[in-house]
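Q: Handing you a structure now.
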Amino acid sequence: MITILVACGSGVATSTLAADEVKSVCAEYGISQYKINKCSMSELPSELQHADVVLTTNNYKGDMGKPHMSVAGFITGINEGVLRKKPGELLTDLTRK
């Protein structure tokens, strides 16, 4: 089971949209053993300990100590097709560990 943390500015609206896309990516890549948590960017440092991977809709500067990437394209629609591949491959790799 992998725990995916999706963070956005407020931890409500865009993280929910991004989490829905992440669920779709997981289904597309055959990943069924996962849990998604959402938080705000300000909550991110305290929520990191509960996550295996972090996906953000905002830029985050700093070391998380976990695999992470921006999924802002899920919100903007820019390069969404290409973007789906990156978290898909990342999450697939994590399920193999």
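Chain labels A, B, ... are given in the sequence in which chains occur in the structure tokens; within each chain residues are numbered consecutively from 1, and ligands are likewise numbered from 1 in the order shown.
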How would you write, as a list of chain:residue names, the set of residues in segment 15-86 of chain A that DSSP gives as strand (DSSP E)?

A: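 Restricting segment 15-86 of chain A to strand (DSSP E) produces A:Tyr34, A:Lys35, A:Ile36, A:Asn37, A:Lys38, A:Cys39, A:Ser40, A:Val53, A:Val54, A:Leu55, A:Thr56, A:His68, A:Met69, A:Ser70.
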
Q: Just the selected residues (C-alpha atoms), exported as a PDB file, in the first residue's frame, please.

A:
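In the end it all went to result_32.pdb:
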ATOM      1  CA  TYR A  34      -3.000   3.114  -2.582  1.00  0.00           C
ATOM      2  CA  LYS A  35      -4.415   5.725  -0.271  1.00  0.00           C
ATOM      3  CA  ILE A  36      -4.688   9.425  -1.105  1.00  0.00           C
ATOM      4  CA  ASN A  37      -4.470  12.135   1.546  1.00  0.00           C
ATOM      5  CA  LYS A  38      -4.875  15.848   0.824  1.00  0.00           C
ATOM      6  CA  CYS A  39      -3.419  18.853   2.567  1.00  0.00           C
ATOM      7  CA  SER A  40      -2.539  22.503   2.095  1.00  0.00           C
ATOM      8  CA  VAL A  53       5.078  10.209  -2.422  1.00  0.00           C
ATOM      9  CA  VAL A  54       4.021  13.861  -2.664  1.00  0.00           C
ATOM     10  CA  LEU A  55       2.206  15.471  -5.584  1.00  0.00           C
ATOM     11  CA  THR A  56       1.667  19.224  -5.496  1.00  0.00           C
ATOM     12  CA  HIS A  68       7.664  14.340  -5.320  1.00  0.00           C
ATOM     13  CA  MET A  69       6.489  16.151  -8.410  1.00  0.00           C
ATOM     14  CA  SER A  70       4.171  18.920  -9.509  1.00  0.00           C
TER      15      SER A  70
END

Q: May I have the residues within 12 Å of Gly77 of chain A as a PDB file with N, CA and C atoms, in the first residue's frame, using only C-alpha atoms and disregarding those fewer than 4 positions away in the same chain?

A:
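Wrote selection-v2.pdb, looks like this:
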ATOM      1  N   LEU A  17      -9.395  18.055  -7.146  1.00  0.00           N
ATOM      2  CA  LEU A  17      -9.333  17.837  -8.596  1.00  0.00           C
ATOM      3  C   LEU A  17      -8.112  17.002  -8.964  1.00  0.00           C
ATOM      4  N   ALA A  18      -6.971  17.343  -8.385  1.00  0.00           N
ATOM      5  CA  ALA A  18      -5.743  16.599  -8.676  1.00  0.00           C
ATOM      6  C   ALA A  18      -5.849  15.161  -8.164  1.00  0.00           C
ATOM      7  N   GLU A  21      -7.692  13.005 -10.560  1.00  0.00           N
ATOM      8  CA  GLU A  21      -6.851  12.636 -11.702  1.00  0.00           C
ATOM      9  C   GLU A  21      -5.841  11.557 -11.313  1.00  0.00           C
ATOM     10  N   THR A  57       0.168  20.853  -6.446  1.00  0.00           N
ATOM     11  CA  THR A  57      -0.366  21.678  -7.527  1.00  0.00           C
ATOM     12  C   THR A  57       0.321  23.038  -7.553  1.00  0.00           C
ATOM     13  N   VAL A  71       1.901  18.367 -10.117  1.00  0.00           N
ATOM     14  CA  VAL A  71       0.838  17.883 -11.002  1.00  0.00           C
ATOM     15  C   VAL A  71      -0.097  19.043 -11.359  1.00  0.00           C
ATOM     16  N   ALA A  72       0.481  20.234 -11.454  1.00  0.00           N
ATOM     17  CA  ALA A  72      -0.303  21.425 -11.773  1.00  0.00           C
ATOM     18  C   ALA A  72      -1.028  21.277 -13.111  1.00  0.00           C
ATOM     19  N   GLY A  73      -0.458  20.511 -14.022  1.00  0.00           N
ATOM     20  CA  GLY A  73      -1.090  20.292 -15.322  1.00  0.00           C
ATOM     21  C   GLY A  73      -2.441  19.609 -15.225  1.00  0.00           C
ATOM     22  N   GLY A  81      -1.658  15.059 -21.014  1.00  0.00           N
ATOM     23  CA  GLY A  81      -1.355  13.733 -21.537  1.00  0.00           C
ATOM     24  C   GLY A  81       0.041  13.274 -21.167  1.00  0.00           C
ATOM     25  N   VAL A  82       1.008  14.154 -21.313  1.00  0.00           N
ATOM     26  CA  VAL A  82       2.392  13.847 -20.951  1.00  0.00           C
ATOM     27  C   VAL A  82       2.505  13.709 -19.434  1.00  0.00           C
ATOM     28  N   LEU A  83       1.813  14.582 -18.719  1.00  0.00           N
ATOM     29  CA  LEU A  83       1.880  14.577 -17.266  1.00  0.00           C
ATOM     30  C   LEU A  83       1.373  13.264 -16.673  1.00  0.00           C
ATOM     31  N   ARG A  84       0.372  12.656 -17.241  1.00  0.00           N
ATOM     32  CA  ARG A  84      -0.187  11.413 -16.697  1.00  0.00           C
ATOM     33  C   ARG A  84       0.865  10.296 -16.651  1.00  0.00           C
TER      34      ARG A  84
END

Q: Check the smallest atom-to-atom distance from each of A:Ala7, A:Asn59, A:Thr14, A:Glu28 to Glu43 of chain A using only C-alpha atoms, then report the winner.

A: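 Closest residue, counting only C-alpha atoms: A:Ala7.
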
Q: Just checking: using only C-alpha atoms, which residue out of A:Met1, A:Leu94, A:Ala19, A:Ile75 ends up closest to Ser32 of chain A?

A: A:Met1

Q: For atom CA of Gly30 of chain A and atom CA of Asp52 of chain A, quote the distance in Å rounded to one decimal.

A: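 Atom-to-atom, atom CA of Gly30 of chain A to atom CA of Asp52 of chain A, that is 17.9 Å.
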
Q: Can you pull out every residue from segment 1-96 of chain A that DSSP, working from the backbone, puts in helix (DSSP H, G or I), and format the result as a VMD selection string?

A: chain A and resid 13 to 28 44 to 50 73 to 76 80 to 95

Q: Excluding Ala51 of chain A and residues on its chain fewer than 4 positions from it, collect all residues at most 6 Å away from it, counting only C-alpha atoms, and give them as JSON, numbers by chain.

A: {"A": [3, 4, 5]}

Q: Measuring between only C-alpha atoms, which one of A:Ala13, A:Ile31, A:Leu90, A:Cys8 shows the shortest distance to Asn58 of chain A?

A: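 Ranked by minimum distance to Asn58 of chain A, first place goes to A:Cys8.
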